[in-house]
>>> print(open('run_6.tsv').read())   # TSV, C-alpha atoms
chain	number	residue	atom	x	y	z
R	1	MET	CA	0.00	0.00	0.00
R	2	ASN	CA	2.73	2.44	1.06
R	3	ILE	CA	4.81	1.51	-1.98
R	4	GLY	CA	1.76	2.23	-4.17
R	5	ILE	CA	1.25	5.69	-2.65
R	6	VAL	CA	4.94	6.52	-2.96
R	7	SER	CA	4.85	5.38	-6.59
R	8	ILE	CA	1.82	7.63	-7.30
R	9	ILE	CA	3.48	10.61	-5.58
R	10	ASN	CA	6.67	9.95	-7.58
R	11	GLY	CA	4.65	9.82	-10.79
R	12	ILE	CA	2.85	13.09	-10.02
R	13	THR	CA	6.12	14.83	-9.06
R	14	GLU	CA	7.72	13.54	-12.26
R	15	TRP	CA	4.88	15.00	-14.33
R	16	ILE	CA	4.94	18.32	-12.46
R	17	PHE	CA	8.71	18.69	-12.96
R	18	SER	CA	8.44	17.62	-16.61
R	19	SER	CA	5.67	20.16	-17.24
R	20	ILE	CA	7.69	22.95	-15.62
R	21	ILE	CA	10.71	22.07	-17.80
R	22	ALA	CA	8.54	21.83	-20.95
R	23	LEU	CA	6.86	25.16	-20.23
R	24	PHE	CA	10.10	27.08	-19.58
R	25	PHE	CA	12.03	25.50	-22.46
R	26	TYR	CA	9.14	26.08	-24.86
R	27	LYS	CA	8.89	29.74	-23.84
R	28	ASN	CA	12.67	30.15	-24.06
R	29	GLY	CA	13.00	28.23	-27.34
R	30	MET	CA	10.29	30.22	-29.10
R	31	LYS	CA	11.76	33.48	-27.80
R	32	LYS	CA	15.12	32.41	-29.25
R	33	VAL	CA	13.47	31.72	-32.61
R	34	LYS	CA	11.80	35.15	-32.55
R	35	LYS	CA	14.90	37.01	-31.37
R	36	ILE	CA	17.42	34.76	-33.08
R	37	PHE	CA	19.79	37.55	-34.08
R	38	SER	CA	20.06	38.76	-30.50
R	39	PHE	CA	20.72	35.17	-29.36
R	40	TYR	CA	23.35	34.72	-32.10
R	41	LYS	CA	25.11	37.96	-31.15
R	42	THR	CA	25.03	36.97	-27.46
R	43	MET	CA	26.64	33.65	-28.39
R	44	SER	CA	29.34	35.54	-30.30
R	45	GLU	CA	29.96	37.67	-27.21
R	46	TYR	CA	30.68	34.47	-25.24
R	47	ARG	CA	33.77	34.18	-27.47
R	48	PHE	CA	34.05	30.42	-27.73
R	49	LEU	CA	33.37	30.63	-31.47
R	50	LYS	CA	33.84	33.50	-33.89
R	51	GLU	CA	30.90	34.92	-35.81
R	52	GLY	CA	30.30	32.90	-38.95
R	53	MET	CA	28.75	29.75	-40.33
R	54	TYR	CA	29.83	27.48	-37.43
R	55	LEU	CA	28.30	29.80	-34.84
R	56	LYS	CA	25.11	30.08	-36.91
R	57	ILE	CA	24.85	26.27	-37.02
R	58	LEU	CA	25.55	26.03	-33.27
R	59	THR	CA	22.90	28.70	-32.54
R	60	SER	CA	20.32	26.77	-34.56
R	61	ILE	CA	21.31	23.49	-32.87
R	62	LEU	CA	20.95	25.05	-29.41
R	63	ILE	CA	17.43	26.22	-30.31
R	64	LEU	CA	16.69	22.76	-31.71
R	65	CYS	CA	17.95	21.20	-28.43
R	66	ASP	CA	15.55	23.37	-26.39
R	67	LEU	CA	12.62	22.29	-28.54
R	68	ILE	CA	13.63	18.60	-28.51
R	69	ILE	CA	13.59	18.71	-24.69
R	70	VAL	CA	10.07	20.19	-24.75
R	71	VAL	CA	8.71	17.31	-26.82
R	72	ALA	CA	10.76	14.44	-25.40
R	73	ILE	CA	10.16	15.26	-21.74
R	74	LEU	CA	6.39	15.12	-22.21
R	75	ILE	CA	6.55	11.59	-23.63
R	76	PRO	CA	7.29	9.13	-20.76
R	77	ARG	CA	9.10	6.76	-23.12
R	78	TYR	CA	11.66	9.42	-24.08
R	79	ARG	CA	11.91	11.15	-20.70
R	80	VAL	CA	15.26	9.56	-19.77
R	81	PHE	CA	16.71	10.73	-23.10
R	82	ALA	CA	15.27	14.24	-22.50
R	83	CYS	CA	16.83	14.39	-19.02
R	84	ILE	CA	20.29	13.25	-20.17
R	85	HIS	CA	20.03	15.71	-23.06
R	86	GLY	CA	18.89	18.45	-20.67
R	87	ILE	CA	21.74	17.77	-18.23
R	88	GLY	CA	24.19	18.10	-21.14
R	89	ILE	CA	22.64	21.37	-22.30
R	90	GLN	CA	22.56	22.83	-18.78
R	91	ALA	CA	26.20	21.78	-18.26
R	92	PHE	CA	27.13	23.59	-21.49
R	93	TYR	CA	25.29	26.79	-20.52
R	94	LEU	CA	26.65	26.69	-16.96
R	95	THR	CA	30.22	26.39	-18.28
R	96	THR	CA	29.75	29.40	-20.58
R	97	MET	CA	28.04	31.34	-17.80
R	98	ILE	CA	30.83	30.69	-15.30
R	99	ALA	CA	33.45	31.54	-17.96
R	100	ASN	CA	31.68	34.89	-18.59
R	101	TYR	CA	30.79	35.63	-14.96
R	102	ASN	CA	30.04	39.26	-14.10
R	103	LYS	CA	29.96	40.37	-17.73
R	104	SER	CA	27.16	42.30	-19.44
R	105	PHE	CA	26.10	41.62	-22.98
R	106	ASP	CA	25.12	44.66	-25.03
R	107	TYR	CA	23.50	42.71	-27.86
R	108	ASN	CA	21.34	40.58	-25.55
R	109	CYS	CA	17.72	41.72	-25.62
R	110	GLY	CA	17.25	40.48	-22.03
R	111	CYS	CA	14.20	38.51	-23.12
R	112	PHE	CA	15.51	34.97	-22.60
R	113	SER	CA	14.23	33.70	-19.27
R	114	ILE	CA	16.90	31.03	-18.63
R	115	ASN	CA	20.54	30.25	-19.54
R	116	THR	CA	21.33	33.47	-21.48
R	117	PRO	CA	20.85	36.46	-19.16
R	118	LYS	CA	21.78	40.02	-20.15
R	119	HIS	CA	24.06	40.31	-17.14
R	120	MET	CA	25.89	37.20	-16.02
R	121	ASP	CA	25.35	37.25	-12.27
R	122	PHE	CA	24.94	34.73	-9.46
R	123	LYS	CA	21.15	34.77	-9.82
R	124	GLY	CA	21.37	33.65	-13.46
R	125	ILE	CA	23.77	30.83	-12.60
R	126	LEU	CA	21.55	29.76	-9.69
R	127	LEU	CA	18.54	29.57	-12.01
R	128	SER	CA	20.45	27.38	-14.48
R	129	LEU	CA	21.61	25.19	-11.58
R	130	LEU	CA	17.98	24.86	-10.48
R	131	PHE	CA	17.02	23.52	-13.90
R	132	LEU	CA	19.99	21.14	-13.82
R	133	PHE	CA	18.75	19.94	-10.42
R	134	ILE	CA	15.21	19.42	-11.81
R	135	PHE	CA	16.58	17.30	-14.69
R	136	ILE	CA	18.58	15.18	-12.22
R	137	SER	CA	15.54	14.87	-9.93
R	138	ILE	CA	13.36	13.59	-12.78
R	139	LEU	CA	16.05	11.07	-13.70
R	140	LEU	CA	16.21	9.87	-10.06
R	141	LEU	CA	12.41	9.63	-9.86
R	142	ILE	CA	12.33	7.51	-13.02
R	143	SER	CA	15.02	5.17	-11.70
R	144	GLN	CA	13.08	4.47	-8.47
Z	1	MET	CA	4.74	7.08	-32.46
Z	2	ILE	CA	3.05	9.04	-35.27
Z	3	ILE	CA	2.58	12.02	-32.92
Z	4	PHE	CA	6.28	11.88	-32.04
Z	5	LEU	CA	7.25	11.81	-35.72
Z	6	VAL	CA	4.96	14.75	-36.51
Z	7	LEU	CA	6.38	16.75	-33.58
Z	8	THR	CA	9.95	15.89	-34.65
Z	9	LEU	CA	9.13	17.10	-38.16
Z	10	ILE	CA	7.72	20.37	-36.76
Z	11	ILE	CA	10.88	20.86	-34.67
Z	12	VAL	CA	13.15	20.22	-37.68
Z	13	ILE	CA	11.11	22.70	-39.74
Z	14	ILE	CA	11.30	25.35	-36.97
Z	15	SER	CA	15.07	24.94	-36.55
Z	16	SER	CA	15.64	25.04	-40.34
Z	17	TYR	CA	13.53	28.18	-40.47
Z	18	ALA	CA	15.61	29.61	-37.60
Z	19	PHE	CA	18.86	28.92	-39.46
Z	20	ILE	CA	17.62	30.45	-42.74
Z	21	LYS	CA	16.23	33.48	-40.86
Z	22	LEU	CA	19.55	33.91	-39.03
Z	23	CYS	CA	21.54	33.80	-42.30
Z	24	SER	CA	19.22	36.35	-43.90
Z	25	LEU	CA	19.35	38.74	-40.92
Z	26	ASP	CA	23.12	38.44	-40.68
Z	27	LYS	CA	23.48	39.23	-44.40
Z	28	PHE	CA	21.25	42.29	-43.93
Z	29	PHE	CA	23.31	43.44	-40.94
Z	30	GLU	CA	26.60	42.88	-42.76
Z	31	ASN	CA	25.34	44.94	-45.71
Z	32	ALA	CA	24.66	47.94	-43.48
Z	33	LYS	CA	27.53	50.41	-43.87
Z	34	PRO	CA	28.85	52.90	-41.32
Z	35	ILE	CA	27.81	56.47	-42.16
Z	36	LYS	CA	31.43	57.60	-42.52
Z	37	GLU	CA	31.49	55.63	-45.80
Z	38	VAL	CA	28.49	57.53	-47.20
Z	39	ALA	CA	30.62	59.56	-49.63
Z	40	GLN	CA	31.83	56.38	-51.32
Z	41	TYR	CA	28.32	55.24	-52.15
Z	42	LEU	CA	26.61	58.56	-52.68
Z	43	THR	CA	27.97	59.21	-56.14
Z	44	ASP	CA	26.68	62.08	-58.31
Z	45	ASP	CA	24.37	59.80	-60.26
Z	46	PHE	CA	23.01	57.93	-57.23
Z	47	CYS	CA	19.27	57.62	-57.27
Z	48	GLY	CA	17.38	55.59	-54.66
Z	49	SER	CA	16.75	55.44	-50.92
Z	50	ILE	CA	18.84	55.40	-47.79
Z	51	LEU	CA	17.78	53.92	-44.48
Z	52	LEU	CA	19.63	55.71	-41.69
Z	53	VAL	CA	19.51	54.10	-38.26
Z	54	ASP	CA	21.42	53.84	-34.99
Z	55	LYS	CA	23.64	50.72	-34.96
Z	56	ASP	CA	22.39	49.52	-31.55
Z	57	GLU	CA	18.80	50.08	-32.59
Z	58	LEU	CA	19.39	48.09	-35.78
Z	59	LEU	CA	20.81	45.21	-33.75
Z	60	LYS	CA	17.93	45.20	-31.29
Z	61	GLN	CA	15.14	45.51	-33.84
Z	62	ILE	CA	16.70	44.02	-36.93
Z	63	ASP	CA	13.47	42.26	-37.97
Z	64	VAL	CA	11.59	45.57	-37.99
Z	65	TYR	CA	14.29	47.41	-39.95
Z	66	LYS	CA	14.52	44.60	-42.49
Z	67	LYS	CA	10.78	45.04	-43.13
Z	68	ILE	CA	11.26	48.82	-43.40
Z	69	HIS	CA	14.11	48.28	-45.87
Z	70	LYS	CA	11.92	45.96	-47.96
Z	71	LYS	CA	9.07	48.50	-48.00
Z	72	ALA	CA	11.44	51.38	-48.80
Z	73	ASN	CA	12.87	49.35	-51.66
Z	74	LYS	CA	9.38	48.66	-52.98
Z	75	LYS	CA	8.38	52.31	-52.64
Z	76	ALA	CA	11.50	53.44	-54.50
Z	77	ASN	CA	10.42	51.29	-57.46
Z	78	LYS	CA	13.14	48.75	-56.73
Z	79	LYS	CA	15.91	51.34	-57.08
Z	80	GLU	CA	18.84	50.76	-54.77
Z	81	THR	CA	18.11	51.10	-51.03
Z	82	LEU	CA	21.23	51.39	-48.91
Z	83	VAL	CA	21.42	51.02	-45.14
Z	84	PHE	CA	23.72	53.31	-43.17
Z	85	THR	CA	24.33	53.18	-39.45
Z	86	TYR	CA	25.65	55.73	-37.01
Z	87	ASP	CA	27.01	55.21	-33.53
Z	88	LEU	CA	27.03	58.47	-31.61
Z	89	LYS	CA	28.19	56.76	-28.41
Z	90	GLU	CA	31.38	55.47	-30.04
Z	91	ASN	CA	31.90	58.13	-32.69
Z	92	GLU	CA	30.48	61.61	-32.13
Z	93	MET	CA	31.85	62.69	-35.53
Z	94	ASP	CA	29.12	60.63	-37.24
Z	95	VAL	CA	26.75	63.56	-36.80
Z	96	LYS	CA	28.83	65.55	-39.31
Z	97	HIS	CA	27.83	63.16	-42.08
Z	98	PHE	CA	24.14	63.90	-41.44
Z	99	GLU	CA	24.57	67.28	-43.15
Z	100	LYS	CA	25.52	65.62	-46.44
Z	101	LEU	CA	22.20	63.80	-46.44
Z	102	LYS	CA	20.26	66.83	-45.17
Z	103	VAL	CA	18.97	64.77	-42.25
Z	104	LYS	CA	16.39	66.45	-40.03
Z	105	PHE	CA	15.52	63.53	-37.78
Z	106	VAL	CA	16.69	59.98	-37.13
Z	107	PRO	CA	15.97	57.14	-37.77
Z	108	CYS	CA	14.72	57.94	-41.24
Z	109	VAL	CA	14.40	56.87	-44.84
Z	110	ILE	CA	15.88	59.39	-47.26
Z	111	ASN	CA	14.63	59.35	-50.80
Z	112	ILE	CA	17.16	60.76	-53.25
Z	113	GLU	CA	15.90	61.89	-56.61
Z	114	ASN	CA	18.46	62.76	-59.18
Z	115	GLU	CA	16.92	64.68	-62.02
Z	116	LEU	CA	18.16	68.21	-62.74
Z	117	GLU	CA	19.19	68.77	-59.16
Z	118	LYS	CA	19.61	66.30	-56.30
Z	119	LYS	CA	16.49	66.30	-54.15
Z	120	TYR	CA	16.50	64.79	-50.63
Z	121	THR	CA	13.22	63.88	-48.97
Z	122	SER	CA	13.24	62.43	-45.45
Z	123	TYR	CA	10.52	60.15	-44.13
Z	124	LYS	CA	10.01	58.87	-40.61
Z	125	VAL	CA	10.47	55.08	-40.37
Z	126	GLU	CA	7.04	54.81	-38.72
Z	127	GLU	CA	5.48	55.70	-42.08
Z	128	TYR	CA	6.89	52.48	-43.50
Z	129	LEU	CA	5.42	50.39	-40.70
Z	130	LYS	CA	1.82	51.28	-41.52
>>> encode(input="run_6.tsv", output="structure tokens")
Amino acid sequence: MNIGIVSIINGITEWIFSSIIALFFYKNGMKKVKKIFSFYKTMSEYRFLKEGMYLKILTSILILCDLIIVVAILIPRYRVFACIHGIGIQAFYLTTMIANYNKSFDYNCGCFSINTPKHMDFKGILLSLLFLFIFISILLLISQ
Amino acid sequence: MIIFLVLTLIIVIISSYAFIKLCSLDKFFENAKPIKEVAQYLTDDFCGSILLVDKDELLKQIDVYKKIHKKANKKANKKETLVFTYDLKENEMDVKHFEKLKVKFVPCVINIENELEKKYTSYKVEEYLK
């Protein structure tokens, strides 16, 4: 009986977390599509790749990754894949954020809710860490 | 499974659209010249339109200015429409070049007619958004 209740609570929590992730990544992904030039210029300001074809491809792939997470996390069968994918994406953004800590980005429109803030501060990093934690939590809930 | 395939297809279409849009916007931005180069392009026989805009503003609202450029080009009967940017924060001297184009306000679209005498007509960009 207790195992059954715990399993139901786990299932509900998994769905709540997945919905939160899907909602935020959808909002962020669509904003990136709409303001793609601002996102591209922000990526160029991170200085891990120079402006050009490679950065354009990477920018499009990052948007694609956001949208893949939205779809995959809502389908229980692909949730593990979405979480591993999400952990990878969050790790990438966290690395770039830490590398550019305390910098401001002139070309950033400030409209992206997560992972690409206008000013790289502790709050932005904490928010990205929170999403990383949610991905890990979902993965742990699935494994139980 | 079918739903997943349809959604994957939608995602691929959106990301392809994003890539094409990015390439087109970047090309538009790269084609915008700094106002200090205006003399090079504004030859005696030049006839067409000029979109004059702040560089930061162009970066922030590039979609809007691309539409304005398209409309200005259409209005000028497909004569050449050049984009020039100024950056008064970085280069205060940019304001000197405004005189050459007889600029009264910015951002603007300047229509240059070249019949007997060069005629400059400035339009507010808002007029192109209607």
>>> axis_aligned_box(input="run_6.tsv", around="region 114-125 of chain Z", padding_each_side="4 Å", output="AutoDock Vina command-line options")
--center_x 14.8 --center_y 61.9 --center_z -51.6 --size_x 17.6 --size_y 21.7 --size_z 30.4
>>> interface_residues(input="run_6.tsv", of="chain R", to="chain Z", cutoff="12 Å", atoms="only C-alpha atoms", output="ChimeraX atom specification")
/R:26,29-42,51-78,106-111
>>> residues_around(input="run_6.tsv", residues="Asp94 (chain Z)", least_positions_apart="6", cutoff="8 Å", atoms="all atoms listed in the file", output="ChimeraX atom specification")
/Z:35-36,86-88
>>> atom_distance(input="run_6.tsv", atom1="CA of Ser49 (chain Z)", atom2="CA of Phe84 (chain Z)")
10.6 Å
>>> atom_distance(input="run_6.tsv", atom1="CA of Asn111 (chain Z)", atom2="CA of Glu90 (chain Z)")
27.0 Å
>>> atom_distance(input="run_6.tsv", atom1="CA of Val6 (chain Z)", atom2="CA of Ser19 (chain R)")
20.0 Å
>>> residues_around(input="run_6.tsv", residues="Pro34 (chain Z)", least_positions_apart="4", cutoff="12 Å", atoms="all atoms listed in the file", output="list in words")
Phe29, Glu30, Val38, Ala39, Gln40, Tyr41, Leu51, Leu52, Val53, Asp54, Lys55, Leu58, Leu82, Val83, Phe84, Thr85, Tyr86, Asp87, Leu88, Glu90, Asn91, Met93, Asp94, Val95, His97 and Phe98 of chain Z
